[in-house]
Amino acid sequence: MMATWLRPWLLVPVAVGVLAAGQIWMSHLRYELALENQRVNTDRQETLQQSSTLRLELANLTRPERLRKTAQEKLGMAPPKPMQVVHL
Amino acid sequence: MSDKQQVYIRRRIEAVAGLLVLGLLLLVVRAVDLQWVQSDRLTTMAEKQRYREYTALAPRGSIYDSKGRTLAESVEIPSIAAMADEVPAERMGELASALGLSTKTVQHKLGKRKGFVWLARQVPPSVAERVMALNIPGVRHEKEWRRYQPMGPETGHLLGFVGIDGKGLEGVERAWNASLTGESGLRQVRRDARGHSLPDGTWLREPVPGQPMTLTIDATIQSIAYAALAEGVRDQDAKGGSVVVMRPKDGAILAMASWPGFNPNNFRHAKPGEWRNRAVTDVFEPGSTMKPFSVATAMASGKWKADSIVYCEKGAMKVADYTIHDDHPEGWLDLTGIIVKSSNIGVAKLALDVGAAPLHAMLERAGFGRRSSLGLGGESPGIVLPLDRWGPVETANIAFGQGIAVTPLQLAAAFSVLANEGVYVAPKLFADQLQDVEKTSERVMPQDIAHQMKGMLEYATSQDGTGSKAVPVGYHVAGKTGTAQKANAQGGYSKGRYNAVFAGFAPVENPELVIVVVVDEPKRSNYGGQVAAPVFRHVAESALPYLGIMAERDQQPDWQTMQIAAEAPAFEHESLYGMSMREVRRLAAQRGLRLHVHGSGWVGRQKPGNIMALNQGDAVEVWLNE
């Protein structure tokens, strides 16, 4: 038996309340996701930046002039003469 | 209630109702004013409060060498700025100290205007952290892109450099600024009541990084060329120089170096004159390196053959009122001898015989007098006089490389014609241009003439030639030395100021590299063979093995082995003994033998002893004596 205080028109405020709560929850979820997205994007930017810096560092460390100087001054090496180079 | 009272009350109700209606009307009017008339302005004001837009700078495109090694890259680094009117005066000293500047400098910068001012741009991250830790009102941390070229001076002239605002100012960075520059983005973020940015920003326009570029340059060969040039210039106490290394088959520029160098990462420390890429901007008289083209023109005319002989007037010849001299007076020389002995009179006679027009046409087809469309700014077209100004003196002079001006790049492209058996291939600096080799190729001289020129230029680097110092052990080199007096401001030639040049290619059998070396005002020697040829050798002997082109072991005297006949004798002459140099050359040319000549006169010794066992392409060495 339906309770006496239950009236069909009560569905309207209840629906409005549920929708409003849903809207608030969605908004919160959107904010959280946007925050997460921002964090991921920042991480991505930082990784790209780091990769760019590392690429530059690698290019700097492996530049032929530096390798030549290191080989000659630290390791006492000399450039090979053409006759000393053998390609297998 | 009397009628009078009722009327009074009605009037009052009507008055109040009227006022209410009036009030409502005013509200409606105001609402229309706000919502309709002032809508755009008020929306903009509201959005300005709620939203903030900021520009995100995009990085420039990276530049890579042909093997994908980084030649130029942009990295994000901090800069310090301030809203000038918001910085408290009492904290300026603290700020200046953290920035490493004087208080006066900071005061001057902040005093210039009220709004945004840069305090220190592109500072190390540690400095930025130190400044921001002070938490001074109005001081801001900004991010900017800074360009780095890891190879520094080695690629400085070629790549150029980028200004602090990210604009290319020299070299490739300047010429290709539009495609290297990225498009900055615009991001909109919402702000909360306290002005803090909310995370749900949107891109109104996403930043687009600049286009990356891949050059034909090989970083290793570039470094070899720069080091060899630096050593050559220092040894000769010269003013400067340049080297161009080109792959003749497809025109790829593998290295382009100039001296004196400068560090493009710190370009302000160099004089502007040192920024220029001499290989494309500076012109010089090519001197004797022009002779192969004059001799090729003579041969292409059909009047002259490789074994035709020319009397070289014992060192002096008058053309109109002008006397041409040879450094080494010669009598009769064949065309090979003219190249090997570098006789000015010999080539002048050839040029005067065939006339100005064919030589002018040959030089034009070989790329002289026009820009190469390499894609670099400031490229000089060189100077080739118009044909109507070629009198006998001009024709004779141009034949041996005077009265004409070329760039090192043009000379390299022209020598690639000889390396490519007569086909000109336009030089290229960008990897994506290498697919269009066919479109940029043009036959300049018949194949057989180019082939014979190749042989002559190989003789020019033999022990008897002027370019012997250009030959690395184990390789055959074809090339020509050049020594040219520099022009002075009065239109004549300056005394004691020379350009020493060597242009050539290696290995002769299958040319992989064309190398041009120009040394500007060497002090210890003026000759191309003494100054520029050793630089050529240095580059060739390092670059060829690196490219996988093996040295021939039978070129090493210690390892020389005796050829054993495996087939039936191919020649009717059993021996070269007693033959003249001309006869030996003719025989070698007929049989396709590679000839190495020592001395002059008649053959007294040969190696190998039995030439009948030799096949086409084999080497024979002869010693001549009077």
# chains A, B, ... in the order shown; residues from 1 in each chain; ligands from 1

$ interface_residues --of "chain B" --to "chain A" --cutoff "6 Å" --atoms "only C-alpha atoms" --output "list of chain:residue names"
B:Thr70, B:Pro150, B:Pro199, B:Asp200, B:Thr220, B:Glu541, B:Pro545, B:Ala551

$ select_by_dssp --residues "segment 285-317 of chain B" --states "alpha helix (DSSP H)" --output "PyMOL selection string"
chain B and resi 291-300

$ write_last_selection --atoms "C-alpha atoms" --output "PDB file, in the first residue's frame"
ATOM      1  CA  LYS B 291      92.922  24.952 -67.055  1.00  0.00           C
ATOM      2  CA  PRO B 292      91.173  21.557 -67.263  1.00  0.00           C
ATOM      3  CA  PHE B 293      88.077  23.324 -68.616  1.00  0.00           C
ATOM      4  CA  SER B 294      90.128  25.259 -71.186  1.00  0.00           C
ATOM      5  CA  VAL B 295      91.865  22.078 -72.365  1.00  0.00           C
ATOM      6  CA  ALA B 296      88.510  20.217 -72.453  1.00  0.00           C
ATOM      7  CA  THR B 297      87.081  23.039 -74.605  1.00  0.00           C
ATOM      8  CA  ALA B 298      89.998  22.703 -77.000  1.00  0.00           C
ATOM      9  CA  MET B 299      89.514  18.931 -77.221  1.00  0.00           C
ATOM     10  CA  ALA B 300      85.736  19.281 -77.623  1.00  0.00           C
TER      11      ALA B 300
END

$ atom_distance --atom1 "atom CA of His328 of chain B" --atom2 "atom CA of Lys454 of chain B"
23.1 Å

$ residues_around --residues "Val501 of chain B" --least-positions-apart "6" --cutoff "8 Å" --atoms "only C-alpha atoms" --output "JSON, numbers by chain"
{"B": [286, 289, 481, 482, 483, 516, 517, 518, 519, 527, 528, 529, 531, 532, 533]}

$ select_by_dssp --residues "segment 342-506 of chain B" --states "strand (DSSP E)" --output "PyMOL selection string"
chain B and resi 423-425+441-443+478-487+493-506

$ atom_distance --atom1 "atom CA of Gln236 of chain B" --atom2 "atom CA of Asp520 of chain B"
9.7 Å

$ residues_around --residues "Glu173 of chain B" --least-positions-apart "5" --cutoff "10 Å" --atoms "only C-alpha atoms" --output "list in words"
Arg60, Gly61, Ile63, Ala72, Leu158, Leu159, Gly160, Phe161, Val162, Gly163, Gly166, Lys167, Gly168, Ala178, Ser179, Leu180, Thr181, Leu376 and Gly377 of chain B
